[in-house]
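Next up, upload-v3.txt (compact mmCIF, C-alpha atoms):
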# COMPACT_ATOMS: atom_id res chain seq x y z
CA MET A 5 82.97 116.81 102.41
CA ILE A 6 84.42 115.77 105.76
CA LYS A 7 86.16 112.39 105.66
CA VAL A 8 86.04 110.59 109.00
CA ALA A 9 88.13 107.55 109.85
CA LEU A 10 86.25 105.25 112.20
CA THR A 11 88.70 103.01 113.99
CA GLY A 12 88.78 100.66 116.93
CA ASN A 13 90.64 97.60 118.05
CA ILE A 14 89.23 94.15 117.50
CA ALA A 15 85.84 93.57 119.21
CA SER A 16 85.48 97.22 120.25
CA GLY A 17 82.13 97.70 118.49
CA LYS A 18 83.36 99.49 115.38
CA SER A 19 81.03 97.51 113.09
CA THR A 20 78.08 98.29 115.33
CA VAL A 21 78.85 102.01 115.12
CA GLN A 22 79.15 101.70 111.33
CA ASN A 23 75.69 100.07 111.25
CA ILE A 24 74.24 102.86 113.40
CA LEU A 25 75.66 105.50 111.06
CA GLU A 26 74.31 103.68 108.00
CA LYS A 27 70.84 103.46 109.56
CA MET A 28 71.04 107.22 110.10
CA GLY A 29 71.64 107.65 106.37
CA PHE A 30 75.40 108.18 106.25
CA LYS A 31 77.67 106.54 103.67
CA VAL A 32 80.13 104.14 105.30
CA LEU A 33 82.91 102.08 103.72
CA ASP A 34 83.90 99.02 105.76
CA THR A 35 87.53 98.22 104.94
CA ASP A 36 87.26 94.87 106.75
CA LYS A 37 84.72 93.80 104.14
CA VAL A 38 86.92 95.21 101.37
CA ALA A 39 89.87 93.19 102.70
CA HIS A 40 87.77 90.00 102.80
CA VAL A 41 86.86 90.44 99.12
CA LEU A 42 90.48 91.17 98.22
CA LEU A 43 91.61 87.88 99.75
CA ASP A 44 89.64 86.11 97.04
CA GLU A 45 90.31 88.58 94.23
CA LEU A 46 94.04 89.28 94.48
CA ASP A 47 96.16 86.70 92.71
CA GLU A 48 99.21 88.01 94.59
CA VAL A 49 97.67 86.90 97.90
CA LYS A 50 96.87 83.44 96.54
CA GLU A 51 100.34 83.11 95.02
CA THR A 52 102.12 84.28 98.18
CA PHE A 53 100.24 81.92 100.49
CA LYS A 54 99.84 78.90 98.19
CA VAL A 55 102.52 76.96 100.10
CA TYR A 56 100.58 77.26 103.37
CA ASP A 57 97.52 75.36 104.56
CA VAL A 58 95.16 78.33 104.25
CA PHE A 59 92.83 77.14 101.48
CA GLU A 60 89.41 75.50 101.71
CA HIS A 61 87.49 74.51 98.58
CA GLY A 62 89.94 76.48 96.43
CA LYS A 63 89.46 79.73 98.35
CA ILE A 64 91.52 81.31 101.11
CA SER A 65 90.05 80.57 104.52
CA ARG A 66 90.11 83.79 106.55
CA GLU A 67 90.21 81.75 109.75
CA LYS A 68 93.22 79.69 108.64
CA LEU A 69 95.01 82.71 107.18
CA GLY A 70 94.37 84.67 110.38
CA LYS A 71 95.83 81.95 112.56
CA LEU A 72 98.88 81.77 110.28
CA VAL A 73 99.66 85.48 110.09
CA PHE A 74 98.93 86.18 113.74
CA SER A 75 101.45 83.52 114.72
CA ASN A 76 104.02 84.72 112.17
CA PRO A 77 104.62 88.50 112.18
CA ASP A 78 106.69 88.39 108.97
CA LEU A 79 103.80 86.85 107.04
CA LYS A 80 101.43 89.42 108.53
CA VAL A 81 103.66 92.22 107.19
CA ILE A 82 103.75 90.56 103.75
CA LEU A 83 99.95 90.20 103.65
CA GLU A 84 99.43 93.81 104.72
CA SER A 85 101.96 95.06 102.13
CA ILE A 86 99.80 93.43 99.43
CA ILE A 87 96.38 94.44 100.74
CA HIS A 88 96.82 97.92 102.26
CA PRO A 89 97.72 99.77 99.03
CA VAL A 90 94.64 98.30 97.33
CA ILE A 91 92.45 99.26 100.29
CA LYS A 92 93.81 102.81 100.08
CA THR A 93 92.81 102.94 96.40
CA LYS A 94 89.30 101.68 97.29
CA ILE A 95 89.00 104.43 99.93
CA PHE A 96 89.86 107.10 97.36
CA GLU A 97 87.30 105.59 94.97
CA PHE A 98 84.69 105.75 97.76
CA PHE A 99 85.53 109.44 98.34
CA ASP A 100 85.30 110.15 94.63
CA GLU A 101 81.97 108.33 94.18
CA ASN A 102 80.39 110.20 97.10
CA LYS A 103 81.73 113.75 96.61
CA SER A 104 78.33 115.32 97.23
CA GLU A 105 78.03 113.91 100.77
CA THR A 106 78.65 116.22 103.73
CA PHE A 107 80.21 113.43 105.81
CA LEU A 108 81.82 110.17 104.72
CA PHE A 109 82.86 107.48 107.18
CA VAL A 110 85.45 104.78 106.62
CA GLY A 111 85.70 101.91 109.09
CA ILE A 112 89.41 101.18 109.20
CA PRO A 113 90.68 99.12 112.14
CA LEU A 114 94.34 99.48 111.14
CA LEU A 115 94.23 103.24 110.60
CA PHE A 116 97.56 103.88 112.31
CA GLU A 117 99.19 100.54 111.53
CA SER A 118 98.56 101.15 107.81
CA ASP A 119 99.69 104.80 108.03
CA MET A 120 96.49 106.19 106.47
CA LEU A 121 95.53 108.86 109.01
CA ASN A 122 96.67 111.62 106.64
CA ILE A 123 93.91 110.89 104.08
CA PHE A 124 91.17 111.76 106.59
CA ASP A 125 89.95 115.04 108.07
CA LYS A 126 88.88 113.59 111.41
CA SER A 127 89.31 110.35 113.32
CA LEU A 128 86.98 108.58 115.75
CA LEU A 129 88.06 105.77 118.06
CA ILE A 130 85.55 103.23 119.37
CA TYR A 131 86.95 102.16 122.73
CA SER A 132 85.89 99.16 124.80
CA ASP A 133 87.55 97.88 127.93
CA ASP A 134 90.01 95.06 127.21
CA ASN A 135 88.22 92.52 129.41
CA LEU A 136 84.96 93.20 127.54
CA ARG A 137 86.72 92.86 124.17
CA GLU A 138 88.23 89.56 125.31
CA LYS A 139 84.79 88.23 126.32
CA ARG A 140 83.36 89.26 122.93
CA LEU A 141 86.16 87.49 121.04
CA ILE A 142 85.68 84.30 123.03
CA SER A 143 81.88 84.24 122.69
CA ARG A 144 81.47 85.80 119.22
CA ASN A 145 84.53 84.43 117.41
CA HIS A 146 85.00 81.26 119.49
CA PHE A 147 88.66 82.16 120.15
CA ASP A 148 90.44 80.57 123.06
CA VAL A 149 91.91 82.99 125.61
CA GLN A 150 95.46 82.70 124.26
CA TYR A 151 94.45 83.40 120.66
CA ALA A 152 92.18 86.26 121.76
CA HIS A 153 95.15 87.86 123.53
CA ARG A 154 97.38 87.35 120.48
CA ARG A 155 94.83 89.07 118.23
CA MET A 156 94.30 91.90 120.71
CA SER A 157 98.03 92.54 121.15
CA ALA A 158 98.63 92.61 117.37
CA GLN A 159 97.23 96.16 117.23
CA ILE A 160 98.45 99.44 118.67
CA SER A 161 96.96 99.79 122.14
CA GLN A 162 93.69 101.62 122.61
CA GLU A 163 95.41 104.00 125.03
CA GLU A 164 97.89 105.00 122.33
CA LYS A 165 95.13 105.41 119.74
CA LYS A 166 93.15 107.56 122.18
CA LYS A 167 95.99 110.10 122.11
CA LEU A 168 96.02 110.12 118.29
CA CYS A 169 92.27 110.36 117.54
CA ASP A 170 90.14 113.50 117.43
CA TYR A 171 87.11 111.82 119.07
CA VAL A 172 86.50 108.80 121.30
CA ILE A 173 83.27 106.88 121.88
CA TYR A 174 83.29 104.51 124.84
CA ASN A 175 81.41 101.30 124.15
CA ASN A 176 81.12 99.53 127.49
CA GLY A 177 77.35 99.67 127.91
CA THR A 178 74.15 98.88 126.06
CA LEU A 179 73.34 99.34 122.38
CA GLU A 180 71.03 102.22 123.34
CA GLN A 181 73.88 103.96 125.18
CA LEU A 182 76.13 103.46 122.14
CA GLU A 183 73.48 104.98 119.85
CA GLU A 184 73.25 108.02 122.15
CA SER A 185 77.05 108.34 122.10
CA VAL A 186 77.04 108.27 118.29
CA LYS A 187 74.41 111.04 118.23
CA ALA A 188 76.49 113.11 120.67
CA PHE A 189 79.57 112.58 118.49
CA LEU A 190 77.67 113.71 115.36
CA TYR A 191 76.49 116.82 117.22
CA GLN A 192 80.13 117.62 118.07
CA LEU A 193 81.22 116.92 114.51
CA CYS A 194 78.62 119.33 113.11
Whole structure given in structure tokens:
Amino acid sequence: MIKVALTGNIASGKSTVQNILEKMGFKVLDTDKVAHVLLDELDEVKETFKVYDVFEHGKISREKLGKLVFSNPDLKVILESIIHPVIKTKIFEFFDENKSETFLFVGIPLLFESDMLNIFDKSLLIYSDDNLREKRLISRNHFDVQYAHRRMSAQISQEEKKKLCDYVIYNNGTLEQLEESVKAFLYQLC
């Protein structure tokens, strides 16, 4: 089994690549989705953030929590210290449940920030130009320019990640071009 970390900065197209791989029949764990579930499941998160205006209808609002932690780096560190160890456990469970697979992919945007590179055999970066990522955040997530920049700068730069990853797929074109790039990557991987 070859364990591949699939990473990319916000709005780079990582989820789209995950969807392409799933349609091709590969097993993919999306740690963003795992983290979203953990926000509701982990009492430690609720307890830690109960004094902040991050709840809606008794549940943590990801939008409100995001705005809070991306404007307060200390709170971001606290949140990550709660969630990242649980995500790591979920990744190992995913590996264990799918031992018979030749390739396993884990979408993990904070691969380097969470110090989890060492649990993977290979790493793939999905790279999109910053101006394109900004446009996606503004249209898709309805962020204003300032908040889009704050979210983009909260991660290690794409240029730095490029040096650390085994493979890079550039996602600056059409969906068809991205699909062809994924096929070319899989050919290299095999």
List the spatial neighbours of Arg154 in chain A as an MDAnalysis selection string - criterion: any atom at most 10 Å away, all atoms listed in the file, same-chain residues fewer than 4 positions off excluded. chainID A and resid 71 74:75 149:150 158:159
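Here CA of Lys187 in chain A and CA of Asn13 in chain A stand 21.1 Å from one another.
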Skipping near chain neighbours, those fewer than 4 positions away, what residues fall within 10 Å of Ser157 in chain A using all atoms listed in the file, listed as a PyMOL selection string? chain A and resi 13-14+74+151-153+161
Work out how far CA of Ile64 in chain A is from CA of Asp44 in chain A, in Å to one decimal. 6.6 Å
Nearest to Asn122 in chain A by atom-to-atom distance, counting all atoms listed in the file, from A:Leu79, A:Asn102, A:Thr20, A:Leu168: A:Leu168
Excluding Leu69 in chain A and any residue of its chain fewer than 4 positions from it, enumerate the residues within 12 Å of it, using only C-alpha atoms, and give them as a count of residues only. 24
Report as a tab-separated table the residues of range 117-188 of chain A within 12 Å of range 90-95 of chain A, each with its shortest atom pair and distance in Å (one decimal), using all atoms listed in the file, ordered by chain and increasing residue number.
residue	atom	partner	partner_atom	distance
A:Ser118	CA	A:Lys92	CA	9.2
A:Asp119	CA	A:Lys92	CA	10.1
A:Met120	CA	A:Lys92	CA	7.7
A:Leu121	CA	A:Lys92	CA	10.9
A:Asn122	CA	A:Lys92	CA	11.4
A:Ile123	CA	A:Lys92	CA	9.0
A:Phe124	CA	A:Ile95	CA	10.1
Please tell me which residues are no farther than 9 Å from (87.2, 86.2, 124.0) in the file, counting all atoms listed in the file, and write them as a ChimeraX atom specification. /A:15,135-153
If you count only C-alpha atoms, which residues fall within 12 Å of Glu164 in chain A, apart from same-chain ones fewer than 6 positions away, as a PDB file with C-alpha atoms, in the frame of the given file?
ATOM      1  CA  GLY A  12      88.780 100.660 116.930  1.00  0.00           C
ATOM      2  CA  ASN A  13      90.640  97.600 118.050  1.00  0.00           C
ATOM      3  CA  PHE A 116      97.560 103.880 112.310  1.00  0.00           C
ATOM      4  CA  GLU A 117      99.190 100.540 111.530  1.00  0.00           C
ATOM      5  CA  LEU A 129      88.060 105.770 118.060  1.00  0.00           C
ATOM      6  CA  TYR A 131      86.950 102.160 122.730  1.00  0.00           C
TER       7      TYR A 131
END
Do you have the CA of Arg66 in chain A-CA of Val21 in chain A distance handy? 23.1 Å
Env of Asp34 in chain A: 7 Å cut, atoms = all atoms listed in the file, seq-sep filter 4 positions within chain, self excluded. Answer as a PDB file with C-alpha atoms, keeping the file's coordinate frame.
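As written to disk, result_3.pdb reads:
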ATOM      1  CA  VAL A  38      86.920  95.210 101.370  1.00  0.00           C
ATOM      2  CA  VAL A 110      85.450 104.780 106.620  1.00  0.00           C
ATOM      3  CA  GLY A 111      85.700 101.910 109.090  1.00  0.00           C
ATOM      4  CA  ILE A 112      89.410 101.180 109.200  1.00  0.00           C
TER       5      ILE A 112
END
Which polymer residues, whether protein, DNA or RNA, lie within 7 Å of the coordinate (81.5, 99.8, 130.1) when you count all atoms listed in the file? List them as a short mmCIF file (atom, residue, chain, number, x, y, z; two decimals) with C-alpha atoms, keeping the file's coordinate frame, using the chain letters and numbers from the file.
data_model
loop_
_atom_site.label_atom_id
_atom_site.label_comp_id
_atom_site.auth_asym_id
_atom_site.auth_seq_id
_atom_site.Cartn_x
_atom_site.Cartn_y
_atom_site.Cartn_z
CA SER A 132 85.89 99.16 124.80
CA ASP A 133 87.55 97.88 127.93
CA ASN A 175 81.41 101.30 124.15
CA ASN A 176 81.12 99.53 127.49
CA GLY A 177 77.35 99.67 127.91
#
So, with all atoms listed in the file as the atoms that count, which of A:Glu84, A:Asp170, A:Glu183, A:Glu163 lies closest to Asn23 in chain A?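 Checking each candidate against Asn23 in chain A, we get A:Glu183 as the closest.
With distances taken over all atoms listed in the file, A:Lys7 is the one residue among A:Glu67, A:Glu101, A:Lys7, A:Lys27 lying closest to Leu193 in chain A.
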Counting only C-alpha atoms, which of A:Pro113, A:Phe96, A:Arg155, A:Thr106 gets nearest to Gly17 in chain A?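 With only C-alpha atoms as the atom set, the closest residue is A:Pro113.
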Have a look at A:Val81, A:Phe107, A:Thr35, A:Lys166 and name the one nearest to Leu190 in chain A; count only C-alpha atoms.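 Of the candidates, the smallest distance to Leu190 in chain A is held by A:Phe107.
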Judged by all atoms listed in the file, the minimum distance to Gln162 in chain A among A:Ile87, A:Met28, A:Ala39, A:Leu114 is found for A:Leu114
